[in-house]
Every structure is written in C-alpha cells, then in structure tokens.
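This is final-v2.tsv (TSV, C-alpha atoms and all ligand atoms).
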chain	number	residue	atom	x	y	z
B	1	MET	CA	-47.88	-28.50	112.42
B	2	ALA	CA	-46.49	-26.14	115.01
B	3	LYS	CA	-48.91	-23.28	114.94
B	4	GLY	CA	-47.16	-19.93	114.85
B	5	SER	CA	-44.10	-21.08	116.72
B	6	ALA	CA	-41.71	-20.12	113.94
B	7	LEU	CA	-43.23	-16.68	113.71
B	8	ARG	CA	-43.10	-16.15	117.43
B	9	ALA	CA	-39.46	-17.20	117.59
B	10	GLU	CA	-38.52	-14.79	114.83
B	11	GLY	CA	-40.18	-11.87	116.49
B	12	ASN	CA	-39.02	-12.45	120.02
B	13	ILE	CA	-35.43	-13.49	119.83
B	14	THR	CA	-33.19	-10.80	121.16
B	15	LEU	CA	-29.52	-11.41	120.93
B	16	ARG	CA	-27.99	-11.17	124.32
B	17	THR	CA	-24.47	-10.91	125.48
B	18	THR	CA	-22.72	-10.54	128.79
B	19	CYS	CA	-21.25	-7.46	130.36
B	20	VAL	CA	-17.49	-7.98	130.36
B	21	HIS	CA	-17.19	-6.38	133.77
B	22	CYS	CA	-20.03	-7.66	135.96
B	23	GLY	CA	-21.31	-10.59	133.91
B	24	LYS	CA	-24.86	-9.31	133.67
B	25	SER	CA	-26.94	-10.40	130.68
B	26	ILE	CA	-27.50	-7.43	128.38
B	27	PRO	CA	-28.88	-6.97	124.86
B	28	ALA	CA	-26.30	-7.47	122.15
B	29	GLU	CA	-27.60	-4.56	120.15
B	30	THR	CA	-25.92	-1.27	120.86
B	31	GLY	CA	-28.05	1.31	119.22
B	32	TYR	CA	-30.87	1.34	116.70
B	33	GLY	CA	-32.20	4.50	118.25
B	34	VAL	CA	-33.47	2.94	121.44
B	35	LEU	CA	-34.31	5.40	124.16
B	36	GLU	CA	-32.72	3.66	127.06
B	37	ARG	CA	-29.41	2.32	126.12
B	38	GLU	CA	-28.56	-0.84	128.04
B	39	THR	CA	-25.42	-1.88	126.25
B	40	TRP	CA	-22.26	0.02	125.52
B	41	GLY	CA	-19.86	-1.39	122.99
B	42	LEU	CA	-16.71	0.05	124.44
B	43	VAL	CA	-13.61	-0.30	122.32
B	44	GLY	CA	-10.32	-1.21	123.90
B	45	TYR	CA	-7.46	-3.59	123.38
B	46	LYS	CA	-7.17	-7.20	124.42
B	47	ASP	CA	-3.93	-9.08	123.79
B	48	GLY	CA	-2.90	-6.27	121.48
B	49	LYS	CA	-6.02	-6.53	119.32
B	50	LYS	CA	-8.72	-3.91	119.05
B	51	THR	CA	-11.77	-5.43	120.68
B	52	VAL	CA	-15.32	-4.37	121.45
B	53	PHE	CA	-16.20	-4.91	125.09
B	54	PRO	CA	-19.94	-5.17	125.70
B	55	THR	CA	-20.59	-3.24	128.88
B	56	CYS	CA	-23.81	-2.61	130.79
B	57	THR	CA	-24.99	0.89	131.58
B	58	GLU	CA	-24.32	0.45	135.29
B	59	CYS	CA	-20.66	-0.33	134.74
B	60	TYR	CA	-20.37	2.37	132.12
B	61	GLU	CA	-21.85	4.96	134.44
B	62	ALA	CA	-19.73	3.72	137.32
B	63	GLY	CA	-16.76	4.63	135.18
B	64	TRP	CA	-15.52	1.21	134.16
B	65	ARG	CA	-13.58	1.20	130.91
B	66	PRO	CA	-11.79	-1.61	129.10
B	67	PRO	CA	-7.99	-1.75	128.99
B	68	GLU	CA	-6.56	0.92	126.67
B	69	PHE	CA	-10.03	2.30	126.12
B	70	VAL	CA	-10.47	4.05	122.79
B	71	TRP	CA	-12.64	7.15	122.76
B	72	ASN	CA	-14.69	7.28	119.63
J	101	ZN	ZN	-21.79	-4.52	134.01
Target format structure tokens, applied to this file:
Amino acid sequence: MAKGSALRAEGNITLRTTCVHCGKSIPAETGYGVLERETWGLVGYKDGKKTVFPTCTECYEAGWRPPEFVWN
C-alpha cells in the first residue's frame, strides 16, 4: 500500500507550460483569481489559426506580443 501518495499527487500537481517567447516554465493556469499572475494567455494567430500563446509576466511586461495579437 502506498500511504497517501495518491492524495499527495492529486493535491500538488500543477499543470505547467512553457512561455512561447523565452521558454521559461510557467503555470498553465491563467486566472482563478490568483494575486500574482504568472501566465498570460495571449491570443494571436499562428499559421492563420487563432491560437493562445502562453506567455510569462516578464515577457508580457517587456512588451512581447504574439503575431497578430488580438486584444481582448
Ligand atoms: Zn517569457
């Protein structure tokens, strides 16, 4: 019997993704009322398709935007 391992895994897993600009690992969640937002799901176009570009706060604040960035 693995004591508590299943429970611990459930509670601790945070989905992570990668900033499309600098490659930094960032949380995949983009909201849920968190105080410090680490991830920006910027919407732009890639190969003609509307795409969400996960972007870290540093790149966002540095002014990076995806191609054909959509303000929303
Ligand atoms: Zn970045």
List every residue of chain B that has an atom at most 6 Å from any atom of ligand ZN 101 (chain J), giving for each one its closest atom pair and the distance in Å to one decimal, counting only C-alpha atoms and all ligand atoms, sorted by chain and then by ascending residue number, as a tab-separated table.
residue	atom	partner	partner_atom	distance
B:Cys19	CA	J:ZN101	ZN	4.7
B:His21	CA	J:ZN101	ZN	5.0
B:Cys22	CA	J:ZN101	ZN	4.1
B:Lys24	CA	J:ZN101	ZN	5.7
B:Thr55	CA	J:ZN101	ZN	5.4
B:Cys56	CA	J:ZN101	ZN	4.3
B:Glu58	CA	J:ZN101	ZN	5.7
B:Cys59	CA	J:ZN101	ZN	4.4
Suppose we keep C-alpha atoms; can you now write the selection as a PDB file, in the coordinates of the input?
ATOM      1  CA  CYS B  19     -21.250  -7.460 130.360  1.00  0.00           C
ATOM      2  CA  HIS B  21     -17.190  -6.380 133.770  1.00  0.00           C
ATOM      3  CA  CYS B  22     -20.030  -7.660 135.960  1.00  0.00           C
ATOM      4  CA  LYS B  24     -24.860  -9.310 133.670  1.00  0.00           C
ATOM      5  CA  THR B  55     -20.590  -3.240 128.880  1.00  0.00           C
ATOM      6  CA  CYS B  56     -23.810  -2.610 130.790  1.00  0.00           C
ATOM      7  CA  GLU B  58     -24.320   0.450 135.290  1.00  0.00           C
ATOM      8  CA  CYS B  59     -20.660  -0.330 134.740  1.00  0.00           C
TER       9      CYS B  59
END
Around all of segment 13-26 of chain B's listed atoms, make the axis-aligned box with 8 Å on each side and tell me centre and edge lengths in Å to one decimal, as AutoDock Vina command-line options.
--center_x -26.3 --center_y -9.9 --center_z 127.9 --size_x 34.2 --size_y 23.1 --size_z 32.1
Distance query Asp47 of chain B at most 12 Å, all atoms listed in the file, self and fewer than 4 positions along chain excluded, as a VMD selection string: chain B and resid 51 67 to 68
Would you save the residues of that selection, restricted to C-alpha atoms, as a CSV table (one decimal), in the frame of the given file?
chain,number,residue,atom,x,y,z
B,51,THR,CA,-11.8,-5.4,120.7
B,67,PRO,CA,-8.0,-1.8,129.0
B,68,GLU,CA,-6.6,0.9,126.7
Taking 6 positions as the minimum chain separation for residues in the same chain, which residues sit within 9 Å of Gly41 of chain B when counting only C-alpha atoms? Answer as number ranges by chain. B: 28-30, 52-56
Rounded to one decimal, what separation in Å do you get between atom CA of Val43 of chain B and atom CA of Leu15 of chain B?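 For atom CA of Val43 of chain B relative to atom CA of Leu15 of chain B, the distance reads 19.5 Å.
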Between atom CA of Ala62 of chain B and atom CA of Lys49 of chain B, what distance in Å does the model show, to one decimal?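 Rounded to one decimal, the two atoms are 24.8 Å apart.
The spacing separating atom CA of Thr57 of chain B from atom CA of Glu38 of chain B amounts to 5.3 Å.
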Which residue out of B:Glu61, B:Pro66, B:Thr39, B:Gly48 has the minimum interatomic distance to Thr17 of chain B when all atoms listed in the file are used?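 Between B:Glu61, B:Pro66, B:Thr39, B:Gly48, the residue approaching Thr17 of chain B most closely is B:Thr39.
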